[in-house]
file my_file.cif (mmCIF, C-alpha atoms)
data_my_file
#
loop_
_atom_site.label_atom_id
_atom_site.label_comp_id
_atom_site.auth_asym_id
_atom_site.auth_seq_id
_atom_site.Cartn_x
_atom_site.Cartn_y
_atom_site.Cartn_z
CA MET A 1 0.00 0.00 0.00
CA PRO A 2 1.80 3.11 -1.15
CA ALA A 3 -0.19 5.38 1.14
CA LYS A 4 0.98 3.53 4.20
CA LYS A 5 4.58 3.68 3.09
CA ASN A 6 4.33 7.41 2.73
CA ARG A 7 2.87 7.78 6.14
CA ASP A 8 5.59 5.74 7.79
CA LYS A 9 8.21 7.82 6.10
CA GLY A 10 6.53 11.02 7.17
CA ASP A 11 6.31 9.79 10.71
CA LYS A 12 9.95 8.98 10.93
CA SER A 13 11.20 12.25 9.55
CA ALA A 14 8.88 14.08 11.91
CA ALA A 15 10.25 12.11 14.82
CA ILE A 16 13.75 13.22 14.01
CA ALA A 17 12.71 16.80 13.51
CA ASP A 18 10.79 17.33 16.74
CA PRO A 19 10.49 14.73 19.46
CA PRO A 20 8.07 16.03 22.09
CA PRO A 21 10.07 17.59 24.88
CA ALA A 22 7.45 16.79 27.52
CA ALA A 23 7.16 13.08 26.90
CA SER A 24 10.41 11.95 25.32
CA GLU A 25 9.78 8.27 24.74
CA PRO A 26 12.49 5.75 24.00
CA GLU A 27 12.79 5.22 20.27
CA GLY A 28 11.82 1.93 18.78
CA PRO A 29 8.81 0.15 17.40
CA PRO A 30 5.55 1.48 18.77
CA PRO A 31 4.16 -0.64 21.60
CA PRO A 32 1.47 -3.02 20.42
CA GLU A 33 -0.80 -2.00 23.29
CA PRO A 34 -2.44 1.41 23.22
CA ARG A 35 -0.78 3.79 25.57
CA PRO A 36 -3.00 4.48 28.54
CA PRO A 37 -4.42 7.97 28.66
CA VAL A 38 -3.24 10.44 31.25
CA ARG A 39 -5.85 10.89 33.92
CA VAL A 40 -6.66 14.52 34.45
CA LEU A 41 -8.61 15.63 37.46
CA TYR A 42 -11.21 18.13 36.37
CA CYS A 43 -12.76 20.50 38.85
CA GLY A 44 -16.35 19.72 39.67
CA VAL A 45 -17.24 23.38 39.95
CA CYS A 46 -15.61 25.13 37.02
CA THR A 47 -14.76 22.02 34.90
CA PHE A 48 -11.16 23.23 34.40
CA PRO A 49 -8.25 20.95 35.20
CA VAL A 50 -7.82 21.67 38.90
CA GLU A 51 -4.54 23.50 38.45
CA TYR A 52 -6.33 26.16 36.40
CA CYS A 53 -9.05 26.85 38.96
CA GLU A 54 -7.15 29.90 40.12
CA PHE A 55 -7.86 31.52 36.78
CA GLY A 56 -11.53 30.67 36.84
CA SER A 57 -14.29 32.79 38.27
CA SER A 58 -15.13 30.61 41.25
CA LEU A 59 -11.83 29.97 43.02
CA THR A 60 -13.30 29.86 46.51
CA ARG A 61 -15.86 27.25 45.63
CA CYS A 62 -13.32 25.28 43.57
CA LYS A 63 -11.02 25.18 46.57
CA GLU A 64 -13.79 23.86 48.77
CA TRP A 65 -14.69 21.23 46.22
CA LEU A 66 -11.12 20.02 45.89
CA HIS A 67 -10.69 19.97 49.63
CA GLU A 68 -13.67 17.69 49.89
CA HIS A 69 -12.86 15.39 47.01
CA ASP A 70 -9.12 15.06 46.86
CA LEU A 71 -7.14 16.26 49.84
CA GLU A 72 -3.86 15.21 48.29
CA ALA A 73 -4.35 17.33 45.22
CA TYR A 74 -5.57 20.15 47.39
CA SER A 75 -2.40 20.24 49.41
CA LYS A 76 -0.42 19.98 46.19
CA TYR A 77 -1.97 23.10 44.71
CA TYR A 78 -2.97 25.24 47.67
CA SER A 79 -0.38 24.62 50.39
CA ASP A 80 1.86 27.51 51.36
CA GLU A 81 4.91 26.19 49.52
CA ALA A 82 2.91 25.61 46.40
CA LEU A 83 1.61 29.15 46.53
CA GLN A 84 5.15 30.44 46.99
CA ALA A 85 6.49 28.42 44.10
CA LYS A 86 3.67 29.51 41.88
CA ILE A 87 4.58 33.14 41.99
CA GLY A 88 7.65 32.11 40.02
CA THR A 89 8.92 34.72 37.66
CA LEU A 90 6.18 37.25 38.29
CA SER A 91 6.99 40.34 40.23
CA LEU A 92 5.19 40.99 43.50
CA GLU A 93 3.32 43.85 41.97
CA ALA A 94 1.98 41.83 39.09
CA GLN A 95 1.01 39.06 41.47
CA SER A 96 -1.07 41.32 43.70
CA LYS A 97 -2.71 42.80 40.65
CA LEU A 98 -3.56 39.33 39.45
CA GLU A 99 -5.09 38.47 42.79
CA GLN A 100 -7.18 41.58 42.79
CA GLU A 101 -8.43 40.80 39.37
CA THR A 102 -9.33 37.25 40.35
CA ALA A 103 -11.36 38.53 43.26
CA LYS A 104 -13.10 41.00 41.03
CA LYS A 105 -13.85 38.36 38.48
CA GLU A 106 -15.26 36.11 41.13
CA ALA A 107 -17.61 38.78 42.43
CA LYS A 108 -18.73 39.54 38.92
CA ALA A 109 -19.44 35.91 38.11
CA GLU A 110 -21.41 35.54 41.31
CA ALA A 111 -23.54 38.55 40.52
CA LYS A 112 -24.14 37.15 37.08
CA ALA A 113 -25.20 33.78 38.44
CA ASP A 114 -27.54 35.51 40.87
CA ALA A 115 -29.11 37.51 38.10
CA ALA A 116 -29.56 34.40 35.99
CA LEU A 117 -31.26 32.62 38.87
CA LYS A 118 -33.55 35.54 39.48
CA LYS A 119 -34.47 35.67 35.86
CA LYS A 120 -35.21 31.99 35.89
CA LEU A 121 -37.48 32.34 38.89
CA ALA A 122 -39.28 35.27 37.32
CA SER A 123 -39.75 33.74 33.89
CA GLN A 124 -43.17 32.55 32.91
CA VAL A 125 -44.40 29.52 31.08
CA THR A 126 -47.42 30.31 28.99
CA ILE A 127 -49.85 27.68 27.86
CA LYS A 128 -51.97 29.17 25.17
CA ARG A 129 -55.09 27.68 23.71
CA ILE A 130 -55.49 28.93 20.20
CA GLU A 131 -58.73 28.54 18.36
CA ARG A 132 -58.14 27.26 14.93
CA ASN A 133 -61.55 26.45 13.58
CA LYS A 134 -64.52 26.86 15.96
CA ARG A 135 -64.31 23.46 17.57
CA LYS A 136 -60.66 22.84 16.89
CA HIS A 137 -57.75 24.16 18.88
CA VAL A 138 -54.02 23.98 19.11
CA THR A 139 -52.06 24.47 22.31
CA SER A 140 -48.85 26.40 22.29
CA ILE A 141 -46.45 26.18 25.19
CA HIS A 142 -43.97 28.96 25.49
CA GLY A 143 -41.11 29.62 27.87
CA LEU A 144 -39.99 26.10 28.72
CA GLU A 145 -36.46 26.75 27.55
CA ALA A 146 -35.87 29.11 30.48
CA PHE A 147 -36.01 26.08 32.74
CA ASP A 148 -33.37 24.17 30.78
CA ILE A 149 -35.80 21.84 29.12
CA ASP A 150 -34.95 20.42 25.75
CA LEU A 151 -37.86 21.60 23.61
CA LYS A 152 -37.49 18.85 21.06
CA LYS A 153 -37.64 16.16 23.70
CA ALA A 154 -40.55 17.85 25.43
CA ALA A 155 -42.45 18.02 22.15
CA LYS A 156 -41.80 14.34 21.60
CA GLN A 157 -43.10 13.61 25.06
CA PHE A 158 -46.28 15.58 24.46
CA ALA A 159 -46.80 13.89 21.13
CA SER A 160 -46.58 10.42 22.58
CA LYS A 161 -48.63 11.30 25.64
CA PHE A 162 -51.53 12.86 23.77
CA ALA A 163 -51.15 10.83 20.59
CA THR A 164 -51.24 14.01 18.53
CA GLY A 165 -48.82 16.06 16.56
CA ALA A 166 -46.44 18.23 18.54
CA SER A 167 -43.70 20.33 17.10
CA VAL A 168 -41.18 23.00 17.95
CA THR A 169 -41.85 26.13 15.96
CA LYS A 170 -40.74 29.70 15.92
CA ASN A 171 -43.41 32.19 16.81
CA PRO A 172 -43.64 35.63 15.19
CA GLN A 173 -41.31 37.07 17.82
CA GLY A 174 -38.66 34.61 16.73
CA LEU A 175 -38.84 32.63 19.95
CA GLU A 176 -39.26 28.91 20.03
CA GLU A 177 -42.38 27.29 21.35
CA ILE A 178 -44.03 23.92 21.32
CA VAL A 179 -47.27 23.59 19.43
CA VAL A 180 -49.45 20.63 20.28
CA GLN A 181 -52.48 19.81 18.21
CA GLY A 182 -55.75 19.71 20.08
CA ASP A 183 -56.87 21.40 23.27
CA VAL A 184 -54.64 19.90 25.90
CA SER A 185 -53.91 22.97 27.99
CA ASP A 186 -55.23 21.57 31.26
CA GLU A 187 -53.45 18.28 30.78
CA VAL A 188 -50.20 20.08 30.03
CA PHE A 189 -50.63 22.14 33.16
CA GLU A 190 -51.13 18.98 35.17
CA MET A 191 -48.07 17.42 33.62
CA ILE A 192 -45.96 20.41 34.54
CA GLU A 193 -47.38 20.39 38.05
CA GLY A 194 -46.70 16.69 38.43
CA GLU A 195 -43.24 17.02 36.87
CA VAL A 196 -43.87 14.23 34.39
CA GLY A 197 -40.89 13.00 32.40
CA ILE A 198 -38.45 15.76 31.55
CA LEU A 199 -40.73 18.60 32.62
CA LYS A 200 -38.89 19.19 35.86
CA GLY A 201 -38.22 22.17 38.05
CA ILE A 202 -41.00 24.49 36.95
CA PRO A 203 -42.88 26.08 39.83
CA ALA A 204 -46.60 25.84 39.18
CA ASP A 205 -47.04 29.49 40.10
CA ASN A 206 -45.07 30.48 37.03
CA VAL A 207 -47.42 28.72 34.66
CA GLU A 208 -50.37 30.53 33.22
CA ILE A 209 -53.07 29.41 30.88
CA VAL A 210 -54.42 31.90 28.38
CA GLU A 211 -56.86 31.65 25.57
CA GLU A 212 -56.61 33.22 22.16
CA LYS A 213 -59.73 33.62 20.08
CA LYS A 214 -59.50 33.89 16.40
CA LYS A 215 -59.89 37.47 15.20
CA LYS A 216 -63.16 38.17 13.49
CA GLY A 217 -63.02 38.33 9.76
CA GLY A 218 -59.47 37.08 9.76
CA ASP A 219 -58.47 34.04 7.83
CA MET B 1 -12.12 30.07 16.88
CA PHE B 2 -14.43 28.88 19.62
CA LYS B 3 -14.60 31.94 21.78
CA LYS B 4 -18.22 32.30 20.83
CA PHE B 5 -19.92 29.07 19.94
CA GLN B 6 -23.56 28.23 20.41
CA PRO B 7 -24.58 24.70 19.49
CA SER B 8 -28.12 25.80 18.76
CA THR B 9 -27.19 28.43 16.18
CA ASP B 10 -23.71 27.51 14.98
CA ILE B 11 -24.23 23.88 14.07
CA ALA B 12 -25.58 23.32 10.60
CA GLY B 13 -26.02 19.57 10.73
CA GLN B 14 -24.66 16.22 11.72
CA THR B 15 -23.92 13.41 9.29
CA PRO B 16 -22.20 10.06 9.58
CA ILE B 17 -19.12 9.94 7.40
CA LYS B 18 -18.52 7.47 4.59
CA SER B 19 -16.06 4.80 5.54
CA SER B 20 -13.78 5.69 2.65
CA VAL B 21 -13.56 9.27 3.91
CA GLN B 22 -13.02 7.97 7.41
CA ARG B 23 -10.06 6.01 6.15
CA SER B 24 -8.47 9.08 4.69
CA ILE B 25 -9.12 11.02 7.89
CA ARG B 26 -7.52 8.26 9.90
CA SER B 27 -4.41 8.29 7.78
CA ALA B 28 -4.29 12.09 7.90
CA VAL B 29 -4.45 11.99 11.68
CA LEU B 30 -1.72 9.40 11.89
CA GLU B 31 0.41 11.50 9.59
CA GLN B 32 -0.12 14.81 11.35
CA TRP B 33 0.02 13.76 14.96
CA LYS B 34 2.57 11.80 16.87
CA ILE B 35 0.17 9.04 17.78
CA GLU B 36 0.46 5.29 17.45
CA PRO B 37 -2.24 3.48 15.49
CA GLU B 38 -3.02 1.47 18.63
CA THR B 39 -3.67 4.55 20.71
CA LEU B 40 -5.81 6.09 18.01
CA GLU B 41 -7.70 2.82 17.90
CA ALA B 42 -8.44 3.22 21.61
CA VAL B 43 -9.74 6.74 21.06
CA TRP B 44 -11.58 6.01 17.88
CA PRO B 45 -12.25 2.29 17.32
CA LYS B 46 -12.47 1.23 13.70
CA LYS B 47 -15.92 -0.18 14.28
CA GLU B 48 -17.30 3.11 15.49
CA GLY B 49 -18.41 5.47 12.81
CA LEU B 50 -17.23 9.02 12.92
CA VAL B 51 -19.87 11.71 12.83
CA LEU B 52 -19.18 14.98 11.12
CA VAL B 53 -20.69 18.01 12.79
CA LYS B 54 -20.70 20.89 10.38
CA CYS B 55 -20.50 24.34 11.94
CA ARG B 56 -20.45 27.88 10.71
CA GLU B 57 -17.33 29.28 9.07
CA HIS B 58 -16.19 25.94 7.67
CA ILE B 59 -15.48 24.39 11.03
CA SER B 60 -15.99 20.65 11.09
CA ILE B 61 -16.02 18.78 14.35
CA TYR B 62 -15.67 15.02 14.36
CA THR B 63 -17.36 13.09 17.10
CA VAL B 64 -17.45 9.49 18.26
CA HIS B 65 -20.55 8.61 20.25
CA GLY B 66 -21.38 12.28 20.47
CA GLU B 67 -18.07 13.14 22.05
CA PRO B 68 -15.95 15.52 20.02
CA ILE B 69 -12.49 14.11 19.42
CA PHE B 70 -11.06 16.36 16.75
CA PHE B 71 -11.90 19.31 14.59
CA GLN B 72 -10.72 21.05 11.52
CA HIS B 73 -11.07 24.43 9.91
CA PHE B 74 -11.83 24.24 6.19
CA ASP B 75 -9.35 21.58 5.08
CA GLY B 76 -6.53 22.72 7.29
CA PRO B 77 -4.71 20.67 9.86
CA ILE B 78 -6.69 18.46 12.21
CA TYR B 79 -6.63 19.56 15.83
CA PRO B 80 -7.38 17.31 18.78
CA THR B 81 -9.90 18.60 21.27
CA LEU B 82 -8.38 19.83 24.48
CA ARG B 83 -9.80 16.97 26.49
CA LEU B 84 -8.19 14.46 24.12
CA LEU B 85 -4.94 16.35 24.31
CA HIS B 86 -5.04 16.17 28.10
CA LYS B 87 -5.31 12.42 27.86
CA TYR B 88 -2.52 12.04 25.32
CA PRO B 89 -0.32 15.09 25.74
CA TYR B 90 2.46 13.82 23.47
CA ILE B 91 0.49 13.92 20.23
CA LEU B 92 1.26 17.57 19.48
CA PRO B 93 4.53 19.47 19.80
CA MET B 94 4.54 21.64 22.87
CA VAL B 95 5.21 25.30 23.50
CA ARG B 96 4.91 27.07 26.81
CA VAL B 97 3.93 30.56 27.81
CA ASP B 98 4.92 32.36 30.97
CA ARG B 99 2.59 32.83 33.87
CA GLY B 100 1.64 36.36 32.97
CA ALA B 101 0.10 35.23 29.71
CA ILE B 102 -2.26 32.62 31.13
CA ARG B 103 -4.80 35.21 32.07
CA PHE B 104 -4.97 36.54 28.54
CA LEU B 105 -4.96 33.11 27.00
CA LEU B 106 -7.98 32.19 29.10
CA ALA B 107 -9.71 35.26 27.75
CA GLY B 108 -9.12 33.98 24.23
CA ALA B 109 -6.19 36.15 23.14
CA HIS B 110 -3.59 34.98 20.66
CA MET B 111 -0.20 34.30 22.14
CA MET B 112 2.49 36.88 21.56
CA CYS B 113 6.13 36.01 21.03
CA PRO B 114 7.52 37.56 24.24
CA GLY B 115 5.39 35.14 26.25
CA PHE B 116 7.35 32.28 24.77
CA THR B 117 10.80 33.82 24.85
CA SER B 118 10.69 35.11 28.43
CA LYS B 119 11.99 33.12 31.35
CA GLY B 120 8.87 31.10 32.03
CA GLY B 121 8.21 30.33 28.39
CA TYR B 122 9.53 27.53 26.24
CA LEU B 123 10.09 27.04 22.55
CA PRO B 124 11.67 23.95 21.04
CA PRO B 125 15.43 24.41 20.50
CA ALA B 126 16.73 25.44 17.11
CA GLU B 127 17.36 21.95 15.74
CA GLU B 128 13.80 20.92 16.54
CA GLY B 129 12.23 24.18 15.47
CA LEU B 130 8.69 24.19 14.15
CA ALA B 131 7.55 25.79 10.94
CA ALA B 132 4.67 28.21 10.69
CA GLY B 133 1.19 26.73 10.48
CA VAL B 134 1.78 23.78 12.79
CA PRO B 135 -0.76 22.83 15.46
CA VAL B 136 0.80 23.02 18.90
CA ALA B 137 -0.22 22.31 22.45
CA ILE B 138 0.04 25.46 24.52
CA HIS B 139 1.24 24.72 28.01
CA ALA B 140 1.68 27.22 30.80
CA GLU B 141 4.47 27.94 33.22
CA GLY B 142 4.24 25.81 36.35
CA LYS B 143 1.29 23.82 35.04
CA GLU B 144 1.17 20.18 34.16
CA HIS B 145 -1.56 20.09 31.57
CA ALA B 146 -2.09 21.97 28.36
CA VAL B 147 -4.16 25.11 28.57
CA GLY B 148 -4.93 25.47 24.90
CA VAL B 149 -4.41 24.36 21.35
CA GLY B 150 -2.96 26.77 18.85
CA ILE B 151 -1.35 27.09 15.47
CA THR B 152 2.02 28.69 14.93
CA LYS B 153 1.93 31.90 12.90
CA LEU B 154 5.70 32.19 12.72
CA ALA B 155 8.39 29.55 12.66
CA THR B 156 9.68 29.10 16.20
CA GLU B 157 13.12 30.38 15.19
CA ASP B 158 11.53 33.53 13.79
CA MET B 159 9.62 33.99 17.04
CA LYS B 160 12.89 34.10 18.90
CA LYS B 161 14.34 36.59 16.41
CA VAL B 162 11.39 38.90 15.94
CA ASN B 163 10.05 38.62 19.48
CA LYS B 164 7.08 40.78 18.71
CA GLY B 165 3.47 40.29 17.75
CA VAL B 166 1.46 37.12 17.46
CA GLY B 167 3.49 33.94 17.63
CA VAL B 168 0.80 31.35 18.13
CA GLU B 169 -2.82 31.83 17.28
CA THR B 170 -5.10 30.35 19.90
CA VAL B 171 -7.60 27.92 18.46
CA THR B 172 -9.28 26.58 21.56
CA TYR B 173 -8.55 27.00 25.25
CA VAL B 174 -9.73 25.82 28.63
CA GLY B 175 -13.06 27.42 29.38
CA ASP B 176 -14.12 28.55 25.92
CA ASP B 177 -17.50 27.66 24.49
CA PHE B 178 -16.12 24.53 22.87
CA TRP B 179 -14.65 23.35 26.15
CA VAL B 180 -18.04 23.72 27.78
CA ILE B 181 -19.64 21.36 25.26
CA GLN B 182 -18.88 17.87 26.44
CA SER B 183 -21.07 16.09 23.95
CA LEU B 184 -22.87 17.01 20.78
#
call {"tool": "encode", "arguments": {"input": "my_file.cif", "output": "structure tokens"}}
result
Amino acid sequence: MPAKKNRDKGDKSAAIADPPPAASEPEGPPPPEPRPPVRVLYCGVCTFPVEYCEFGSSLTRCKEWLHEHDLEAYSKYYSDEALQAKIGTLSLEAQSKLEQETAKKEAKAEAKADAALKKKLASQVTIKRIERNKRKHVTSIHGLEAFDIDLKKAAKQFASKFATGASVTKNPQGLEEIVVQGDVSDEVFEMIEGEVGILKGIPADNVEIVEEKKKKGGD
Amino acid sequence: MFKKFQPSTDIAGQTPIKSSVQRSIRSAVLEQWKIEPETLEAVWPKKEGLVLVKCREHISIYTVHGEPIFFQHFDGPIYPTLRLLHKYPYILPMVRVDRGAIRFLLAGAHMMCPGFTSKGGYLPPAEEGLAAGVPVAIHAEGKEHAVGVGITKLATEDMKKVNKGVGVETVTYVGDDFWVIQSL
């Protein structure tokens, strides 16, 4: 296979040109077994590798998390000597500036999270019964996405529950909503109240049912 | 590249890739990275189909079981995702920036030459110098794991000489929108 030959050649020349300085492996035929991956401990709070938590926006909480989960790693990164060594080549001035900035960032992120939570609590889910044709209705459910619900999955759930069509559509405002065929507004309300399936974490007080009559003379 | 990335708006579609195309991708990966076929097999078993996730601006992300493993811009070099790079840090040549630059890197900035040439930085020595346009793992002073993936804009020798301006363009870094996405 000529392609393979080429590749081997390319590999070899590359190996001569730049062996990786971090992991200089002994030369020779590649081991037949796959090399095991390096295990990296990721922070449970900010998802960074734990050594980068200090640059994240939630250092205090990251520290707590690490202290709880892996004391060894904690002492590795946050003991006094480690902190001393870390300063490294930076001047004292730059270091204090960096610390200030981290604190500022943390406060900012916290405020942002607070605001997001508030918004979530204040956001409304609207179940709208829309008259389509005198005795026929569709039900549109709007605002589920604010509660981290996958609209597509929710639509699927409604469709199988009510054995009708349910789809995710964009309304005139450009926002996404679920449209279920048939008048199922009360049932949907009950489902949200009872937290059926993936419809979780919506306070019933935030749900309102409205009705929309067809405009007279309109098509 | 991934400073702003919203799966809902930036992804155009997902398609399984033809096995013939997969073969060519596999050989391209083996050619471009320093990875043994066995290790690649562990990351991406032959039996598992690769899924191409097409994104805006000609970015293609390749996933196995919904987990991104590498990506590509247009038909440029193939980059590993940062999580894959953490697992197998030897697959890309390494450069290192000093501590002062980490902050900017984590804000998505491109890496300037002085960050590599100062005391905390590291560039491969002259005989192992890298050309321009090579994917590199960006490490940071005093840190064990890579903080980002980048592409060299200058040859490493030129970086040492010029010592000004962008040396490595940051492609993805810890904490960007692509990092946040763990599965597609």
call {"tool": "resolve_selection", "arguments": {"input": "my_file.cif", "expression": "the PyMOL selection byres ((chain B and resi 43) around 10)", "output": "VMD selection string"}}
result
(chain A and resid 34 37) or (chain B and resid 37 to 42 44 to 46 64 69 84 87 to 88)
call {"tool": "resolve_selection", "arguments": {"input": "my_file.cif", "expression": "the PyMOL selection byres ((chain B and resi 65) around 10)", "output": "ChimeraX atom specification"}}
result
/B:44,48-51,62-64,66-69,183-184
call {"tool": "resolve_selection", "arguments": {"input": "my_file.cif", "expression": "the PyMOL selection byres ((chain B) within 9 of (chain A))", "output": "ChimeraX atom specification"}}
result
/B:27-28,30-34,36-42,83-84,86-94,98-100,102-103,106,119-120,124,127-130,141-145,147,174-175,179-180
call {"tool": "atom_distance", "arguments": {"input": "my_file.cif", "atom1": "CA of Lys105 (chain A)", "atom2": "CA of Val171 (chain B)"}}
result
23.4 Å
call {"tool": "residues_around", "arguments": {"input": "my_file.cif", "residues": "Ala126 (chain B)", "least_positions_apart": "4", "cutoff": "10 Å", "atoms": "all atoms listed in the file", "output": "number ranges by chain"}}
result
B: 130, 156-157, 160
call {"tool": "closest_residue", "arguments": {"input": "my_file.cif", "among": "A:Ile192, A:Glu93, A:Asp114, A:Pro172", "to": "Ile141 (chain A)", "atoms": "all atoms listed in the file"}}
result
A:Ile192
call {"tool": "residues_around", "arguments": {"input": "my_file.cif", "residues": "Lys63 (chain A)", "least_positions_apart": "6", "cutoff": "10 Å", "atoms": "all atoms listed in the file", "output": "PyMOL selection string"}}
result
chain A and resi 43+45+50+53-54+69+74+77-78
call {"tool": "atom_distance", "arguments": {"input": "my_file.cif", "atom1": "CA of Gln14 (chain B)", "atom2": "CA of Lys54 (chain B)"}}
result
6.3 Å
call {"tool": "atom_distance", "arguments": {"input": "my_file.cif", "atom1": "CA of Val95 (chain B)", "atom2": "CA of Val149 (chain B)"}}
result
9.9 Å
